[in-house]
>>> print(open('work33.txt').read())   # compact mmCIF, C-alpha atoms
# COMPACT_ATOMS: atom_id res chain seq x y z
CA MET P 1 22.93 23.19 -12.95
CA GLY P 2 22.81 26.30 -10.77
CA LYS P 3 23.08 26.92 -7.04
CA ARG P 4 20.57 25.06 -4.89
CA ILE P 5 17.85 27.34 -3.51
CA ASP P 6 15.82 26.02 -0.58
CA TYR P 7 12.77 28.01 -1.73
CA PHE P 8 12.60 25.86 -4.85
CA ASP P 9 12.91 22.73 -2.72
CA MET P 10 9.94 24.10 -0.78
CA LEU P 11 8.04 24.54 -4.05
CA ARG P 12 8.86 20.93 -4.94
CA GLY P 13 7.45 19.91 -1.58
CA VAL P 14 4.25 21.81 -2.31
CA ALA P 15 4.11 20.40 -5.83
CA ILE P 16 4.47 16.76 -4.76
CA ILE P 17 1.73 17.24 -2.14
CA PHE P 18 -0.38 18.71 -4.93
CA VAL P 19 0.35 15.58 -6.99
CA LEU P 20 -0.91 13.41 -4.13
CA ILE P 21 -4.10 15.45 -3.88
CA CYS P 22 -4.61 15.16 -7.65
CA HIS P 23 -4.38 11.40 -7.51
CA SER P 24 -6.47 11.16 -4.33
CA TYR P 25 -9.41 13.16 -5.68
CA SER P 26 -12.67 11.21 -5.68
CA GLY P 27 -15.26 13.98 -5.81
CA ASP P 28 -18.18 14.78 -8.07
CA PRO P 29 -17.88 18.27 -9.65
CA LEU P 30 -21.64 18.37 -10.28
CA ASN P 31 -22.74 17.30 -6.80
CA GLY P 32 -23.33 20.86 -5.59
CA SER P 33 -22.69 20.28 -1.86
CA PHE P 34 -20.36 22.63 0.00
CA LYS P 35 -17.74 19.92 0.54
CA GLU P 36 -17.77 18.88 -3.11
CA GLU P 37 -17.51 22.50 -4.28
CA LEU P 38 -14.61 23.11 -1.89
CA TYR P 39 -12.79 19.96 -2.99
CA LEU P 40 -13.37 20.88 -6.63
CA VAL P 41 -11.64 24.22 -6.05
CA VAL P 42 -8.79 22.46 -4.24
CA ARG P 43 -8.51 19.96 -7.11
CA GLN P 44 -8.19 22.80 -9.60
CA ILE P 45 -5.57 24.59 -7.51
CA VAL P 46 -3.38 21.49 -7.50
CA THR P 47 -3.48 21.13 -11.30
CA CYS P 48 -0.30 23.23 -11.36
CA ALA P 49 1.71 20.39 -9.76
CA VAL P 50 3.30 18.89 -12.87
CA PRO P 51 3.76 22.32 -14.48
CA ILE P 52 5.76 23.48 -11.42
CA PHE P 53 8.11 20.50 -11.70
CA LEU P 54 8.59 21.09 -15.42
CA ALA P 55 9.21 24.81 -14.93
CA GLU P 56 11.74 24.17 -12.15
CA SER P 57 13.63 21.76 -14.37
CA GLY P 58 13.85 24.43 -17.05
CA PHE P 59 14.77 27.14 -14.56
CA PHE P 60 17.83 25.28 -13.26
CA LEU P 61 18.98 24.22 -16.73
CA ALA P 62 18.54 27.66 -18.31
CA ASN P 63 22.21 28.63 -18.09
CA LYS P 64 23.70 25.21 -18.74
CA HIS P 65 25.97 25.39 -21.79
CA PHE P 66 27.79 22.73 -23.78
CA SER P 67 30.99 23.13 -25.76
CA ASN P 68 30.23 20.28 -28.18
CA ARG P 69 27.76 17.52 -29.01
CA ILE P 70 29.62 14.90 -27.00
CA GLU P 71 29.34 16.99 -23.85
CA PHE P 72 25.62 17.47 -24.47
CA PHE P 73 25.09 13.75 -25.13
CA ASN P 74 26.89 12.88 -21.89
CA PHE P 75 24.65 15.31 -20.02
CA TRP P 76 21.48 13.97 -21.65
CA SER P 77 22.34 10.29 -21.17
CA MET P 78 23.50 10.67 -17.55
CA HIS P 79 20.53 12.73 -16.38
CA SER P 80 18.05 10.61 -18.32
CA PHE P 81 19.44 7.35 -16.92
CA ARG P 82 19.29 8.68 -13.34
CA ILE P 83 15.51 9.06 -13.58
CA TRP P 84 14.80 6.27 -16.07
CA LEU P 85 16.29 3.42 -14.02
CA PRO P 86 14.19 4.05 -10.86
CA MET P 87 11.10 4.34 -13.06
CA VAL P 88 11.80 0.90 -14.53
CA VAL P 89 12.46 -0.57 -11.08
CA TRP P 90 9.13 0.67 -9.71
CA SER P 91 7.26 -0.31 -12.89
CA ILE P 92 8.31 -3.97 -12.64
CA PRO P 93 5.78 -4.91 -9.89
CA LEU P 94 3.00 -3.41 -12.00
CA PHE P 95 4.17 -5.45 -14.97
CA PHE P 96 3.79 -8.71 -13.03
CA ILE P 97 0.47 -7.72 -11.49
CA ARG P 98 -1.20 -7.23 -14.88
CA GLU P 99 -2.10 -9.74 -17.56
CA HIS P 100 -0.46 -9.31 -20.97
CA GLU P 101 -1.76 -10.23 -24.40
CA ASN P 102 1.65 -9.41 -25.88
CA PRO P 103 4.46 -9.62 -23.29
CA ILE P 104 7.06 -8.10 -25.66
CA LEU P 105 4.98 -4.98 -26.27
CA SER P 106 4.24 -4.78 -22.54
CA ILE P 107 7.97 -4.80 -21.77
CA VAL P 108 8.53 -2.02 -24.29
CA TYR P 109 5.67 -0.11 -22.71
CA LEU P 110 7.28 -0.58 -19.30
CA LEU P 111 10.66 0.68 -20.53
CA LEU P 112 9.01 3.78 -22.01
CA GLY P 113 7.19 4.70 -18.79
CA GLY P 114 3.79 3.50 -19.89
CA TYR P 115 2.68 2.11 -16.54
CA SER P 116 0.78 4.15 -13.97
CA ILE P 117 1.94 7.81 -13.81
CA TYR P 118 5.47 7.19 -15.07
CA TYR P 119 4.84 9.02 -18.34
CA PHE P 120 6.46 11.96 -16.55
CA ILE P 121 9.89 10.35 -16.87
CA THR P 122 9.55 10.04 -20.65
CA LEU P 123 8.35 13.63 -20.73
CA ILE P 124 11.37 14.96 -18.80
CA ILE P 125 13.79 12.95 -20.95
CA GLN P 126 12.33 14.61 -24.03
CA TYR P 127 12.85 18.04 -22.48
CA TYR P 128 16.44 17.15 -21.56
CA ALA P 129 16.98 16.37 -25.25
CA MET P 130 15.55 19.78 -26.15
CA GLN P 131 17.87 21.68 -23.80
CA PRO P 132 19.92 23.32 -26.60
CA LEU P 133 16.68 24.66 -28.10
CA PHE P 134 15.24 25.86 -24.80
CA GLY P 135 18.60 27.33 -23.82
CA ARG P 136 18.19 29.96 -26.56
CA ILE P 137 14.57 30.76 -25.77
CA THR P 138 13.21 34.27 -26.12
CA ARG P 139 9.85 35.84 -25.30
CA VAL P 140 8.67 34.90 -28.80
CA GLY P 141 9.69 31.30 -28.10
CA VAL P 142 7.67 31.28 -24.90
CA ILE P 143 4.62 32.62 -26.74
CA LEU P 144 4.99 30.00 -29.49
CA SER P 145 5.32 27.26 -26.86
CA LEU P 146 2.20 28.57 -25.13
CA VAL P 147 0.23 28.60 -28.39
CA LEU P 148 1.41 25.08 -29.29
CA THR P 149 0.45 23.74 -25.87
CA ALA P 150 -2.95 25.44 -26.04
CA LEU P 151 -3.60 23.97 -29.49
CA CYS P 152 -2.65 20.44 -28.42
CA LEU P 153 -4.71 20.69 -25.23
CA SER P 154 -7.72 21.87 -27.21
CA ILE P 155 -7.48 18.91 -29.59
CA ASP P 156 -6.99 16.47 -26.73
CA ASN P 157 -9.82 17.97 -24.71
CA TYR P 158 -12.25 17.81 -27.61
CA TYR P 159 -11.31 14.21 -28.40
CA THR P 160 -11.38 12.88 -24.84
CA SER P 161 -13.65 15.10 -22.74
CA ILE P 162 -16.26 16.13 -25.30
CA GLN P 163 -16.31 13.20 -27.72
CA GLY P 164 -15.62 10.70 -24.94
CA HIS P 165 -12.78 8.70 -26.49
CA HIS P 166 -10.51 6.88 -24.06
CA ILE P 167 -6.74 6.89 -24.51
CA SER P 168 -4.02 5.84 -22.10
CA LEU P 169 -2.42 8.36 -19.78
CA PHE P 170 0.90 7.72 -21.48
CA ILE P 171 -0.39 8.47 -24.98
CA GLU P 172 -2.24 11.54 -23.76
CA CYS P 173 0.39 13.09 -21.50
CA ALA P 174 3.84 11.86 -22.53
CA PRO P 175 4.21 13.87 -25.80
CA PHE P 176 6.31 16.96 -25.12
CA VAL P 177 3.91 19.28 -27.01
CA MET P 178 1.24 18.79 -24.33
CA TRP P 179 3.27 20.61 -21.65
CA MET P 180 5.80 22.65 -23.60
CA ALA P 181 4.74 26.05 -22.21
CA TYR P 182 5.92 25.15 -18.71
CA PRO P 183 9.58 24.30 -19.25
CA ALA P 184 9.66 27.22 -21.71
CA ILE P 185 8.64 29.74 -19.05
CA GLY P 186 11.03 28.10 -16.58
CA TYR P 187 13.93 28.51 -18.99
CA TYR P 188 12.91 32.08 -19.78
CA ILE P 189 12.76 33.11 -16.11
CA GLY P 190 16.04 31.33 -15.45
CA LYS P 191 17.74 33.30 -18.23
CA ASN P 192 16.14 36.70 -17.60
CA GLY P 193 15.77 36.86 -13.83
CA ARG P 194 12.94 36.86 -11.33
CA LYS P 195 12.46 40.59 -10.87
CA TYR P 196 9.23 41.52 -12.63
CA LYS P 197 5.76 42.78 -11.80
CA VAL P 198 3.79 40.03 -10.14
CA TYR P 199 0.37 41.66 -9.59
CA PRO P 200 -0.91 41.34 -13.18
CA TRP P 201 -0.12 37.63 -13.04
CA LEU P 202 -1.90 37.29 -9.71
CA ILE P 203 -5.04 38.61 -11.39
CA ILE P 204 -4.63 36.26 -14.36
CA MET P 205 -3.97 33.35 -11.99
CA THR P 206 -7.15 34.06 -10.03
CA LEU P 207 -9.25 34.37 -13.19
CA GLY P 208 -7.67 31.17 -14.49
CA LEU P 209 -8.65 29.31 -11.34
CA VAL P 210 -12.25 30.49 -11.61
CA ALA P 211 -12.26 29.42 -15.26
CA CYS P 212 -10.88 26.00 -14.22
CA VAL P 213 -13.83 25.40 -11.92
CA PHE P 214 -16.44 26.34 -14.53
CA GLU P 215 -14.70 24.54 -17.40
CA THR P 216 -14.43 21.39 -15.29
CA LYS P 217 -18.15 21.46 -14.54
CA TRP P 218 -18.91 21.98 -18.23
CA LEU P 219 -16.61 19.22 -19.46
CA TYR P 220 -17.61 16.76 -16.73
CA GLY P 221 -21.19 16.91 -17.94
CA TYR P 222 -20.23 15.20 -21.21
CA HIS P 223 -18.37 12.05 -20.17
CA GLU P 224 -17.24 12.67 -16.57
CA ASN P 225 -13.86 13.90 -17.73
CA GLY P 226 -11.96 17.21 -17.77
CA ILE P 227 -10.99 17.37 -14.10
CA GLY P 228 -7.23 17.54 -14.57
CA ALA P 229 -4.54 19.72 -16.14
CA THR P 230 -5.25 19.00 -19.80
CA LYS P 231 -7.58 21.93 -20.46
CA ILE P 232 -7.13 25.54 -21.55
CA SER P 233 -8.17 27.11 -18.24
CA ALA P 234 -5.64 24.92 -16.41
CA LEU P 235 -2.96 26.13 -18.81
CA ILE P 236 -3.82 29.77 -18.02
CA PHE P 237 -3.89 29.11 -14.29
CA SER P 238 -0.72 27.00 -14.13
CA PHE P 239 1.32 29.23 -16.43
CA SER P 240 0.48 32.35 -14.41
CA ALA P 241 0.94 30.49 -11.09
CA ILE P 242 4.50 29.58 -12.11
CA ILE P 243 5.30 33.21 -12.92
CA VAL P 244 3.88 34.28 -9.54
CA LEU P 245 5.66 31.56 -7.55
CA PHE P 246 9.05 32.04 -9.21
CA ASN P 247 9.09 35.78 -8.52
CA GLU P 248 11.68 37.05 -6.00
CA LYS P 249 9.02 39.00 -4.08
CA THR P 250 6.97 35.83 -3.68
CA GLN P 251 10.03 34.01 -2.38
CA LYS P 252 10.62 36.74 0.22
CA PHE P 253 6.95 36.58 1.22
CA PHE P 254 6.94 32.82 1.87
CA LYS P 255 10.51 32.20 3.02
CA SER P 256 10.76 31.77 6.78
CA ASP P 257 12.45 29.84 9.59
CA SER P 258 9.19 28.20 10.60
CA LEU P 259 8.63 24.49 11.00
CA TRP P 260 6.17 24.25 8.09
CA TYR P 261 8.70 25.79 5.69
CA SER P 262 11.50 23.46 6.80
CA ALA P 263 9.17 20.47 6.56
CA LEU P 264 8.18 21.37 2.99
CA VAL P 265 11.86 21.77 2.06
CA LYS P 266 12.56 18.25 3.38
CA VAL P 267 9.57 16.87 1.50
CA GLY P 268 10.81 18.62 -1.63
CA GLU P 269 14.24 17.05 -1.29
CA ILE P 270 12.70 13.56 -1.48
CA SER P 271 9.87 14.49 -3.85
CA PHE P 272 11.17 12.26 -6.65
CA GLY P 273 11.01 9.21 -4.40
CA ILE P 274 7.51 10.14 -3.23
CA TYR P 275 6.42 10.46 -6.85
CA LEU P 276 7.79 7.01 -7.66
CA ILE P 277 6.16 5.06 -4.82
CA HIS P 278 3.07 6.91 -3.63
CA LYS P 279 0.62 5.22 -6.01
CA TYR P 280 1.39 1.86 -4.42
CA PHE P 281 0.25 3.12 -1.02
CA LEU P 282 -2.66 5.09 -2.44
CA ASP P 283 -4.08 2.51 -4.85
CA PHE P 284 -3.50 -0.69 -2.89
CA ILE P 285 -3.79 0.37 0.76
CA ILE P 286 -5.53 3.70 1.26
CA ALA P 287 -8.03 4.28 -1.56
CA PRO P 288 -9.90 0.96 -1.06
CA VAL P 289 -10.86 1.95 2.51
CA ILE P 290 -10.81 5.77 2.61
CA ASN P 291 -12.87 7.98 0.33
CA ASP P 292 -12.02 11.49 1.51
CA THR P 293 -9.61 13.27 -0.85
CA LEU P 294 -7.50 15.18 1.66
CA LEU P 295 -7.30 12.33 4.16
CA ARG P 296 -6.17 10.02 1.37
CA ALA P 297 -3.46 12.49 0.36
CA LEU P 298 -2.27 13.02 3.93
CA LEU P 299 -1.98 9.31 4.72
CA THR P 300 -0.29 8.64 1.39
CA LEU P 301 2.25 11.37 2.12
CA LEU P 302 2.99 10.05 5.62
CA LEU P 303 3.42 6.46 4.46
CA SER P 304 5.59 7.48 1.50
CA VAL P 305 7.87 9.69 3.61
CA ALA P 306 8.17 7.05 6.34
CA PHE P 307 9.01 4.36 3.79
CA ILE P 308 11.71 6.49 2.14
CA LEU P 309 13.30 7.54 5.43
CA PHE P 310 13.37 3.92 6.61
CA PHE P 311 14.82 2.79 3.28
CA LYS P 312 17.54 5.44 3.45
CA LYS P 313 18.59 4.32 6.92
CA ILE P 314 19.22 0.70 6.02
CA PHE P 315 20.65 0.91 2.49
CA PRO P 316 23.81 2.62 1.15
CA ASP P 317 23.60 5.69 -1.10
CA LYS P 318 24.57 3.91 -4.33
CA PHE P 319 21.81 1.39 -3.79
CA LEU P 320 19.32 4.14 -3.02
CA GLN P 321 19.93 5.87 -6.35
CA MET P 322 18.61 2.84 -8.18
CA PHE P 323 15.30 3.29 -6.33
CA GLY P 324 15.20 7.06 -6.80
CA PHE P 325 15.67 7.87 -3.11
CA ARG P 326 18.34 10.56 -3.41
>>> encode(input="work33.txt", output="structure tokens")
Amino acid sequence: MGKRIDYFDMLRGVAIIFVLICHSYSGDPLNGSFKEELYLVVRQIVTCAVPIFLAESGFFLANKHFSNRIEFFNFWSMHSFRIWLPMVVWSIPLFFIREHENPILSIVYLLLGGYSIYYFITLIIQYYAMQPLFGRITRVGVILSLVLTALCLSIDNYYTSIQGHHISLFIECAPFVMWMAYPAIGYYIGKNGRKYKVYPWLIIMTLGLVACVFETKWLYGYHENGIGATKISALIFSFSAIIVLFNEKTQKFFKSDSLWYSALVKVGEISFGIYLIHKYFLDFIIAPVINDTLLRALLTLLLSVAFILFFKKIFPDKFLQMFGFR
């Protein structure tokens, strides 16, 4: 799986905070006030959250090799089960909260990660299954993955944002083709190294962010959609942001002995647990009484971290794994 690098734990910490900001956003892209414009820019910056997680997964699996199919199956089943079980555990309360026309189908939906934001688990399991394919990736493979993702995002964007059709988050975001460019670039960097020119990608990243803001405003005018990561400009921004962030020069620039760096590393180490539980705090406690995006995200982070640290103090490690608090 590769040697642990604290810089990538720091990136996970940043990415999970970005996830919290994504889910806390309550602004109006067309409002025009300074605060709304600022929060819109922040919301577009954090669209790279899920892509960073996907790219990191690919980066650390890039040089994983299997001698036979049995060894690969053992890898796939073990790693999939480790993330699937906590997802099911934290989906169960949502299952009982909701009403069900067909309980059997609802149970299947639960087991597949259909509740809340747990589509990500199904997505990662698909990419685990594709490890032998990604493990042989070349520059051409990255380009093909990028084109496929762009095509699928364009279709999805036209159907949902422009035509105004509503589909579930699971149906929209769980298919592997929607995000394929991100694990692809993670695998490619993992196989070919992190020493490359970063400045051209900084320019592309900046232009992509500007495009995100304008595309969001354009799409939002149709059916108040298009804020998130499923648009072409977000693909350009997130893809280039990953290349910038994974570069060795970028690591040297950010790496430090400061408190903020250490804190982000610690947050990154428990990021999976934060992902699993934060919507409970956000949706049921914080969002009903607080409207500000950044304050919502901050309080959600503090409550999630406190809950996990408390949980880890009173329960043994084997029990914690079931809840995703590694």
>>> closest_atom_pairs(input="work33.txt", of="stretch 3-90 of chain P", to="stretch 175-185 of chain P", cutoff="8 Å", atoms="all atoms listed in the file", output="tab-separated table")
residue	atom	partner	partner_atom	distance
P:Pro51	CA	P:Tyr182	CA	5.5
P:Ile52	CA	P:Tyr182	CA	7.5
P:Leu54	CA	P:Pro183	CA	5.1
P:Ala55	CA	P:Pro183	CA	4.4
P:Glu56	CA	P:Pro183	CA	7.4
P:Ser57	CA	P:Pro183	CA	6.8
P:Gly58	CA	P:Pro183	CA	4.8
P:Phe59	CA	P:Pro183	CA	7.5
>>> residues_near_point(input="work33.txt", point="(20.6, 29.9, -19.7)", cutoff="7 Å", atoms="only C-alpha atoms", output="short mmCIF file (atom, residue, chain, number, x, y, z; two decimals) with C-alpha atoms, in the frame of the given file")
data_model
loop_
_atom_site.label_atom_id
_atom_site.label_comp_id
_atom_site.auth_asym_id
_atom_site.auth_seq_id
_atom_site.Cartn_x
_atom_site.Cartn_y
_atom_site.Cartn_z
CA LEU P 61 18.98 24.22 -16.73
CA ALA P 62 18.54 27.66 -18.31
CA ASN P 63 22.21 28.63 -18.09
CA LYS P 64 23.70 25.21 -18.74
CA GLY P 135 18.60 27.33 -23.82
CA TYR P 187 13.93 28.51 -18.99
CA GLY P 190 16.04 31.33 -15.45
CA LYS P 191 17.74 33.30 -18.23
#
>>> closest_residue(input="work33.txt", among="P:Gln251, P:Ser116, P:Ser154, P:Asn31", to="P:Ile5", atoms="all atoms listed in the file")
P:Gln251
>>> closest_residue(input="work33.txt", among="P:Leu294, P:Ile125, P:Val213, P:Leu30", to="P:Ile17", atoms="all atoms listed in the file")
P:Leu294
>>> closest_residue(input="work33.txt", among="P:Cys152, P:Pro29, P:Arg139, P:Val147", to="P:Trp218", atoms="all atoms listed in the file")
P:Pro29
>>> closest_residue(input="work33.txt", among="P:Ile286, P:Cys22, P:Ile137, P:Leu146", to="P:Leu235", atoms="only C-alpha atoms")
P:Leu146
>>> residues_around(input="work33.txt", residues="P:Ala306", least_positions_apart="3", cutoff="12 Å", atoms="all atoms listed in the file", output="ChimeraX atom specification")
/P:267,270,273-274,277-278,281,299-303,309-313
>>> atom_distance(input="work33.txt", atom1="atom CA of P:Ile308", atom2="atom CA of P:His79")
21.4 Å
>>> closest_residue(input="work33.txt", among="P:Ser240, P:Ser80, P:Asn157, P:Gln321", to="P:Ile121", atoms="only C-alpha atoms")
P:Ser80
>>> atom_distance(input="work33.txt", atom1="atom CA of P:Met322", atom2="atom CA of P:Phe60")
23.0 Å
>>> atom_distance(input="work33.txt", atom1="atom CA of P:Thr230", atom2="atom CA of P:Cys173")
8.3 Å
>>> residues_around(input="work33.txt", residues="P:Ala15", least_positions_apart="4", cutoff="7 Å", atoms="all atoms listed in the file", output="list in words")
Leu11, Val19, Ala49 and Ile52 of chain P
>>> closest_atom_pairs(input="work33.txt", of="stretch 59-176 of chain P", to="stretch 226-229 of chain P", cutoff="9 Å", atoms="all atoms listed in the file", output="tab-separated table")
residue	atom	partner	partner_atom	distance
P:Asn157	CA	P:Gly226	CA	7.3
P:Thr160	CA	P:Gly226	CA	8.3
P:Ser161	CA	P:Gly226	CA	5.7
P:Ile162	CA	P:Gly226	CA	8.7
>>> closest_residue(input="work33.txt", among="P:Phe323, P:Trp84, P:Phe73, P:Phe214", to="P:Val41", atoms="only C-alpha atoms")
P:Phe214
>>> residues_near_point(input="work33.txt", point="(-0.2, 5.2, -20.0)", cutoff="7 Å", atoms="all atoms listed in the file", output="VMD selection string")
chain P and resid 114 to 116 119 168 to 171
